[in-house]
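Just protein31.txt here, compact mmCIF, C-alpha atoms:
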# COMPACT_ATOMS: atom_id res chain seq x y z
CA GLY A 1326 -38.68 58.81 -2.74
CA GLU A 1327 -34.95 58.37 -2.65
CA SER A 1328 -32.79 59.09 -5.62
CA VAL A 1329 -29.07 58.87 -5.94
CA GLY A 1330 -26.79 59.96 -8.70
CA LEU A 1331 -23.15 59.95 -9.49
CA HIS A 1332 -21.34 63.07 -10.61
CA LEU A 1333 -19.31 61.65 -13.45
CA PRO A 1334 -20.16 58.77 -15.79
CA THR A 1335 -16.48 57.99 -16.44
CA LEU A 1336 -13.22 58.44 -14.56
CA SER A 1337 -9.72 57.63 -15.78
CA VAL A 1338 -6.79 57.42 -13.38
CA GLN A 1339 -3.18 56.37 -13.62
CA GLU A 1340 -2.22 53.09 -12.02
CA GLY A 1341 -1.00 53.79 -8.51
CA ASP A 1342 -2.93 57.04 -8.11
CA ASN A 1343 -5.88 57.46 -5.79
CA SER A 1344 -9.42 57.45 -7.21
CA ILE A 1345 -12.39 59.38 -5.89
CA ILE A 1346 -15.91 58.54 -7.04
CA ASN A 1347 -18.74 60.78 -5.89
CA CYS A 1348 -22.42 60.29 -5.28
CA ALA A 1349 -25.26 62.58 -4.17
CA TYR A 1350 -28.56 61.60 -2.63
CA SER A 1351 -31.83 63.42 -2.15
CA ASN A 1352 -33.47 61.94 0.96
CA SER A 1353 -32.01 63.37 4.15
CA ALA A 1354 -33.68 60.55 6.11
CA SER A 1355 -31.50 57.93 4.42
CA ASP A 1356 -29.47 56.13 7.06
CA TYR A 1357 -27.53 53.54 5.13
CA PHE A 1358 -25.48 53.63 1.95
CA ILE A 1359 -23.64 51.01 -0.01
CA TRP A 1360 -21.01 51.03 -2.72
CA TYR A 1361 -20.97 48.24 -5.31
CA LYS A 1362 -18.41 47.31 -7.94
CA GLN A 1363 -19.47 45.70 -11.20
CA GLU A 1364 -16.89 44.16 -13.47
CA SER A 1365 -17.68 43.51 -17.10
CA GLY A 1366 -20.03 40.56 -17.56
CA LYS A 1367 -20.58 40.08 -13.83
CA GLY A 1368 -23.15 41.06 -11.24
CA PRO A 1369 -22.54 43.94 -8.79
CA GLN A 1370 -20.38 43.10 -5.82
CA PHE A 1371 -20.63 44.70 -2.37
CA ILE A 1372 -17.56 46.80 -1.55
CA ILE A 1373 -18.30 48.80 1.56
CA ASP A 1374 -21.19 50.38 3.40
CA ILE A 1375 -21.70 53.21 5.82
CA ARG A 1376 -24.46 54.14 8.22
CA SER A 1377 -25.59 57.69 8.88
CA ASN A 1378 -24.08 57.79 12.39
CA MET A 1379 -20.63 57.66 10.79
CA ASP A 1380 -18.69 60.14 8.65
CA LYS A 1381 -16.03 57.77 7.46
CA ARG A 1382 -15.45 54.08 7.12
CA GLN A 1383 -12.35 52.33 5.89
CA GLY A 1384 -11.83 48.98 4.28
CA GLN A 1385 -8.92 47.45 2.48
CA ARG A 1386 -7.70 50.24 0.16
CA VAL A 1387 -11.18 51.75 0.10
CA THR A 1388 -12.68 54.53 2.19
CA VAL A 1389 -16.23 55.86 2.11
CA LEU A 1390 -16.94 59.38 3.29
CA LEU A 1391 -20.41 60.61 4.14
CA ASN A 1392 -21.31 64.30 4.35
CA LYS A 1393 -24.86 64.47 5.60
CA THR A 1394 -24.95 68.27 5.47
CA VAL A 1395 -24.69 68.35 1.68
CA LYS A 1396 -26.06 64.82 1.17
CA HIS A 1397 -22.96 63.57 -0.52
CA LEU A 1398 -20.86 60.46 -0.26
CA SER A 1399 -17.66 59.42 -1.92
CA LEU A 1400 -15.64 56.28 -2.49
CA GLN A 1401 -11.90 56.62 -2.35
CA ILE A 1402 -9.66 53.90 -3.73
CA ALA A 1403 -6.03 54.07 -2.71
CA ALA A 1404 -3.22 53.06 -5.07
CA THR A 1405 -5.61 52.19 -7.88
CA GLN A 1406 -4.81 48.93 -9.63
CA PRO A 1407 -5.85 47.52 -13.03
CA GLY A 1408 -8.18 45.13 -11.20
CA ASP A 1409 -10.13 48.14 -9.93
CA SER A 1410 -11.38 48.88 -13.44
CA ALA A 1411 -15.15 48.50 -13.23
CA VAL A 1412 -18.40 50.40 -12.90
CA TYR A 1413 -19.07 51.65 -9.38
CA PHE A 1414 -22.59 52.23 -8.05
CA CYS A 1415 -23.81 53.85 -4.88
CA ALA A 1416 -27.11 52.70 -3.45
CA ALA A 1417 -29.52 54.00 -0.83
CA PRO A 1418 -31.71 52.01 1.58
CA ALA A 1419 -34.70 52.02 -0.75
CA ILE A 1420 -32.62 49.82 -3.05
CA VAL A 1421 -32.14 52.67 -5.49
CA PHE A 1422 -29.01 52.72 -7.58
CA GLY A 1423 -27.36 55.62 -9.28
CA PRO A 1424 -26.33 55.26 -12.94
CA GLY A 1425 -22.75 54.31 -12.07
CA THR A 1426 -19.25 55.63 -12.76
CA ARG A 1427 -16.94 53.64 -15.03
CA LEU A 1428 -13.43 53.67 -13.63
CA SER A 1429 -10.63 53.05 -16.10
CA VAL A 1430 -7.10 52.49 -14.84
CA LEU A 1431 -4.39 53.66 -17.22
CA PRO A 1432 -1.02 51.88 -17.25
CA ASN B 291 -22.83 28.00 0.17
CA ALA B 292 -23.64 28.97 -3.41
CA GLY B 293 -24.97 32.49 -2.71
CA VAL B 294 -27.46 33.66 -5.35
CA THR B 295 -27.93 31.33 -8.30
CA GLN B 296 -29.61 32.48 -11.50
CA THR B 297 -30.64 30.29 -14.40
CA PRO B 298 -30.38 30.35 -17.34
CA LYS B 299 -27.31 32.49 -18.04
CA PHE B 300 -28.40 33.20 -21.61
CA GLN B 301 -31.79 33.03 -23.33
CA VAL B 302 -33.21 34.01 -26.70
CA LEU B 303 -36.97 34.38 -26.99
CA LYS B 304 -39.31 35.19 -29.81
CA THR B 305 -41.75 38.05 -29.36
CA GLY B 306 -44.84 36.81 -27.56
CA GLN B 307 -43.20 33.84 -25.88
CA SER B 308 -43.27 33.46 -22.13
CA MET B 309 -40.59 32.19 -19.81
CA THR B 310 -39.45 32.13 -16.21
CA LEU B 311 -36.08 33.31 -14.95
CA GLN B 312 -35.07 31.34 -11.90
CA CYS B 313 -33.39 32.74 -8.80
CA ALA B 314 -32.43 30.85 -5.67
CA GLN B 315 -30.41 31.81 -2.60
CA ASP B 316 -29.14 29.64 0.22
CA MET B 317 -28.30 32.37 2.75
CA ASN B 318 -31.72 32.49 4.42
CA HIS B 319 -32.15 36.09 3.25
CA GLU B 320 -35.57 37.61 3.67
CA TYR B 321 -35.21 40.29 1.00
CA MET B 322 -35.00 39.39 -2.67
CA SER B 323 -35.18 41.61 -5.74
CA TRP B 324 -35.08 41.54 -9.50
CA TYR B 325 -33.32 44.22 -11.54
CA ARG B 326 -32.78 44.84 -15.19
CA GLN B 327 -29.70 46.54 -16.56
CA ASP B 328 -29.63 48.09 -19.99
CA PRO B 329 -26.49 49.28 -21.82
CA GLY B 330 -25.04 52.40 -20.24
CA MET B 331 -27.69 52.48 -17.55
CA GLY B 332 -27.84 51.59 -13.93
CA LEU B 333 -29.91 48.91 -12.31
CA ARG B 334 -33.68 49.38 -12.35
CA LEU B 335 -35.83 47.56 -9.85
CA ILE B 336 -38.55 45.36 -11.36
CA HIS B 337 -40.09 43.59 -8.35
CA TYR B 338 -39.01 42.84 -4.84
CA SER B 339 -40.01 40.72 -1.88
CA VAL B 340 -39.49 41.30 1.83
CA GLY B 341 -40.32 37.72 2.76
CA ALA B 342 -42.10 34.57 1.68
CA GLY B 343 -45.60 35.31 0.46
CA ILE B 344 -44.94 39.05 0.08
CA THR B 345 -44.08 40.79 -3.19
CA ASP B 346 -44.26 44.34 -4.42
CA GLN B 347 -43.61 46.33 -7.56
CA GLY B 348 -40.49 48.28 -8.23
CA GLU B 349 -39.72 50.97 -10.77
CA VAL B 350 -40.39 48.98 -13.98
CA PRO B 351 -42.85 46.14 -13.20
CA ASN B 352 -44.93 46.09 -16.39
CA GLY B 353 -44.68 42.84 -18.33
CA TYR B 354 -43.26 40.87 -15.39
CA ASN B 355 -44.75 38.77 -12.61
CA VAL B 356 -43.13 37.35 -9.50
CA SER B 357 -44.05 35.03 -6.67
CA ARG B 358 -42.33 34.10 -3.42
CA SER B 359 -43.66 30.79 -2.15
CA THR B 360 -40.44 29.97 -0.27
CA THR B 361 -37.66 31.99 1.32
CA GLU B 362 -35.13 30.50 -1.10
CA ASP B 363 -36.78 31.05 -4.48
CA PHE B 364 -37.91 34.17 -6.31
CA PRO B 365 -38.76 33.43 -9.96
CA LEU B 366 -39.42 36.19 -12.49
CA ARG B 367 -41.96 35.51 -15.22
CA LEU B 368 -42.14 37.25 -18.55
CA LEU B 369 -45.75 36.94 -19.65
CA SER B 370 -45.41 37.85 -23.34
CA ALA B 371 -41.87 38.78 -24.29
CA ALA B 372 -41.26 42.01 -26.18
CA PRO B 373 -38.04 43.34 -27.76
CA SER B 374 -38.04 46.10 -25.12
CA GLN B 375 -37.38 43.41 -22.53
CA THR B 376 -34.02 42.60 -24.07
CA SER B 377 -31.70 43.23 -21.15
CA VAL B 378 -29.49 41.67 -18.51
CA TYR B 379 -31.47 40.59 -15.47
CA PHE B 380 -30.00 40.39 -11.99
CA CYS B 381 -31.46 38.79 -8.92
CA ALA B 382 -30.25 39.92 -5.50
CA SER B 383 -30.89 39.03 -1.89
CA SER B 384 -30.26 40.61 1.49
CA TYR B 385 -30.94 40.13 5.19
CA GLY B 386 -32.98 43.32 5.16
CA VAL B 387 -33.18 46.99 4.28
CA GLY B 388 -30.13 47.91 6.33
CA TYR B 389 -27.82 45.39 4.70
CA GLY B 390 -26.01 45.11 1.42
CA TYR B 391 -27.24 42.92 -1.39
CA THR B 392 -25.66 39.79 -2.80
CA PHE B 393 -26.17 39.58 -6.54
CA GLY B 394 -26.42 36.66 -8.90
CA SER B 395 -24.29 36.51 -12.04
CA GLY B 396 -27.14 37.61 -14.29
CA THR B 397 -29.29 36.32 -17.16
CA ARG B 398 -28.73 37.86 -20.56
CA LEU B 399 -32.08 37.85 -22.37
CA THR B 400 -32.60 38.69 -26.02
CA VAL B 401 -36.10 39.02 -27.46
CA VAL B 402 -36.27 38.89 -31.26

Take the structure from the file and write it as structure tokens.
Amino acid sequence: GESVGLHLPTLSVQEGDNSIINCAYSNSASDYFIWYKQESGKGPQFIIDIRSNMDKRQGQRVTVLLNKTVKHLSLQIAATQPGDSAVYFCAAPAIVFGPGTRLSVLP
Amino acid sequence: NAGVTQTPKFQVLKTGQSMTLQCAQDMNHEYMSWYRQDPGMGLRLIHYSVGAGITDQGEVPNGYNVSRSTTEDFPLRLLSAAPSQTSVYFCASSYGVGYGYTFGSGTRLTVV
């Protein structure tokens, strides 16, 4: 089955810097990936998704990159703000979630 | 449009008690799922449903039952609560496997 995992459980960045959160997956047949953001005390919230026929997709201040060769995807957050502090999960089509990366934004 | 609504938000049970966590969505989503989230861990799938009348087990189904009699509702039943079921439970729904999930705000359950 599918499994996904994130490379780092925690990430601290200075306010205004760019953040990069990484995720690896095991099933090369996976064709759809999603990034979620979970703030303290709340449910996960959809941020951005990408399908396997794309290498890159951009949203507002967020970009997801997909490297199918090494089965890796990343979430880039531009000009990180205090409101970006949360746990970020990647998910694969079989509704599998990685353990999450906690992003802390330092003033 | 309320999205995914979970009730109750908080619940304390005694060991051996049973209860039902309610989940309802008003987006006409076919897919619905229940997850549990324990401290420092990711979301683990308990049960899921791909449409009314169809349910299946996820990663950690033991001690839980579900049913899907309507598209809107997907209740989760704890048959005989155990302290190991102390967790935060999230319900989620989606149009299908190729779409993102909308999550409810969660139910924090404590079993003493």

Selected residue, from B:Cys313, B:Val402, B:Val294, B:Ala372, that lies nearest to Thr360 of chain B when counting only C-alpha atoms: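 Going through B:Cys313, B:Val402, B:Val294, B:Ala372 one by one, the smallest distance to Thr360 of chain B is for B:Cys313.
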
From B:Tyr338, B:Phe364, B:Phe300, B:Phe393, residue lying nearest chain A [only C-alpha atoms]: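 When distances to chain A are compared using only C-alpha atoms, the smallest one comes from B:Phe393.
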
Interface, chain B side, toward chain A (10 Å; all atoms listed in the file) as a PyMOL selection string: chain B and resi 323+330-335+338+348-349+378-382+386-398

Please list as a compact mmCIF listing (two decimals) with C-alpha atoms, in the coordinates of the input every residue within 12 Å of segment 1379-1393 of chain A, counting all atoms listed in the file and excluding residues in the same chain fewer than 2 positions away.
# COMPACT_ATOMS: atom_id res chain seq x y z
CA GLY A 1341 -1.00 53.79 -8.51
CA ASP A 1342 -2.93 57.04 -8.11
CA ASN A 1343 -5.88 57.46 -5.79
CA SER A 1344 -9.42 57.45 -7.21
CA ILE A 1345 -12.39 59.38 -5.89
CA ILE A 1346 -15.91 58.54 -7.04
CA ASN A 1347 -18.74 60.78 -5.89
CA CYS A 1348 -22.42 60.29 -5.28
CA ALA A 1349 -25.26 62.58 -4.17
CA TYR A 1350 -28.56 61.60 -2.63
CA SER A 1351 -31.83 63.42 -2.15
CA ASN A 1352 -33.47 61.94 0.96
CA SER A 1353 -32.01 63.37 4.15
CA ALA A 1354 -33.68 60.55 6.11
CA SER A 1355 -31.50 57.93 4.42
CA ASP A 1356 -29.47 56.13 7.06
CA TYR A 1357 -27.53 53.54 5.13
CA PHE A 1358 -25.48 53.63 1.95
CA ILE A 1359 -23.64 51.01 -0.01
CA TRP A 1360 -21.01 51.03 -2.72
CA TYR A 1361 -20.97 48.24 -5.31
CA LYS A 1362 -18.41 47.31 -7.94
CA PHE A 1371 -20.63 44.70 -2.37
CA ILE A 1372 -17.56 46.80 -1.55
CA ILE A 1373 -18.30 48.80 1.56
CA ASP A 1374 -21.19 50.38 3.40
CA ILE A 1375 -21.70 53.21 5.82
CA ARG A 1376 -24.46 54.14 8.22
CA SER A 1377 -25.59 57.69 8.88
CA VAL A 1395 -24.69 68.35 1.68
CA LYS A 1396 -26.06 64.82 1.17
CA HIS A 1397 -22.96 63.57 -0.52
CA LEU A 1398 -20.86 60.46 -0.26
CA SER A 1399 -17.66 59.42 -1.92
CA LEU A 1400 -15.64 56.28 -2.49
CA GLN A 1401 -11.90 56.62 -2.35
CA ILE A 1402 -9.66 53.90 -3.73
CA ALA A 1403 -6.03 54.07 -2.71
CA ALA A 1404 -3.22 53.06 -5.07
CA THR A 1405 -5.61 52.19 -7.88
CA GLN A 1406 -4.81 48.93 -9.63
CA ASP A 1409 -10.13 48.14 -9.93
CA CYS A 1415 -23.81 53.85 -4.88

Atom CA of Trp324 of chain B to atom CA of Gly353 of chain B, straight-line distance in Å: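 Interatomic distance here is 13.1 Å.
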
Distance of atom CA of Leu366 of chain B from atom CA of Gly343 of chain B, expressed in Å to one decimal place: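 Interatomic distance here is 14.4 Å.
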
Nearest to Glu362 of chain B by atom-to-atom distance, counting all atoms listed in the file, from B:Gln327, B:Gln296, B:Thr400, B:Gln347: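 Of the candidates, the smallest distance to Glu362 of chain B is held by B:Gln296.
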
Between atom CA of Gly341 of chain B and atom CA of Tyr325 of chain B, distance in Å (one decimal):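 Between atom CA of Gly341 of chain B and atom CA of Tyr325 of chain B the gap works out to 17.2 Å.
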
Using only C-alpha atoms: which of B:Leu311, B:Leu303, B:Ala292, B:Val350 has the shortest distance to Pro365 of chain B: B:Leu311

B:Thr305, B:Glu320, B:Arg326, B:Leu399 ranked by distance to Ile344 of chain B, top pick (using only C-alpha atoms):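 Closest to Ile344 of chain B of all the choices is B:Glu320.
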
Starting from the incomplete input, reconstruct N, CA and C atoms of segment 1396-1410 of chain A and report them as a compact mmCIF listing (two decimals), in the frame of the given file.
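part01.txt was written with the following content:
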# COMPACT_ATOMS: atom_id res chain seq x y z
N LYS A 1396 -25.50 66.08 1.72
CA LYS A 1396 -26.06 64.82 1.17
C LYS A 1396 -25.17 64.27 0.06
N HIS A 1397 -23.95 64.01 0.45
CA HIS A 1397 -22.96 63.57 -0.52
C HIS A 1397 -22.12 62.45 0.10
N LEU A 1398 -21.81 61.46 -0.71
CA LEU A 1398 -20.86 60.46 -0.26
C LEU A 1398 -19.86 60.17 -1.36
N SER A 1399 -18.71 59.70 -0.96
CA SER A 1399 -17.66 59.42 -1.92
C SER A 1399 -16.97 58.11 -1.58
N LEU A 1400 -16.43 57.51 -2.62
CA LEU A 1400 -15.64 56.28 -2.49
C LEU A 1400 -14.23 56.60 -2.91
N GLN A 1401 -13.29 56.38 -2.03
CA GLN A 1401 -11.90 56.62 -2.35
C GLN A 1401 -11.17 55.29 -2.44
N ILE A 1402 -10.46 55.11 -3.53
CA ILE A 1402 -9.66 53.90 -3.73
C ILE A 1402 -8.19 54.30 -3.73
N ALA A 1403 -7.45 53.75 -2.82
CA ALA A 1403 -6.03 54.07 -2.71
C ALA A 1403 -5.20 53.19 -3.65
N ALA A 1404 -4.15 53.80 -4.22
CA ALA A 1404 -3.22 53.06 -5.07
C ALA A 1404 -3.97 52.21 -6.09
N THR A 1405 -4.73 52.87 -6.94
CA THR A 1405 -5.61 52.19 -7.88
C THR A 1405 -4.84 51.19 -8.75
N GLN A 1406 -5.42 50.03 -8.88
CA GLN A 1406 -4.81 48.93 -9.63
C GLN A 1406 -5.65 48.58 -10.86
N PRO A 1407 -5.06 47.91 -11.85
CA PRO A 1407 -5.85 47.52 -13.03
C PRO A 1407 -7.10 46.73 -12.68
N GLY A 1408 -7.02 45.92 -11.63
CA GLY A 1408 -8.18 45.13 -11.20
C GLY A 1408 -9.31 45.97 -10.64
N ASP A 1409 -9.08 47.25 -10.42
CA ASP A 1409 -10.13 48.14 -9.93
C ASP A 1409 -10.99 48.67 -11.07
N SER A 1410 -10.59 48.43 -12.29
CA SER A 1410 -11.38 48.88 -13.44
C SER A 1410 -12.74 48.21 -13.42
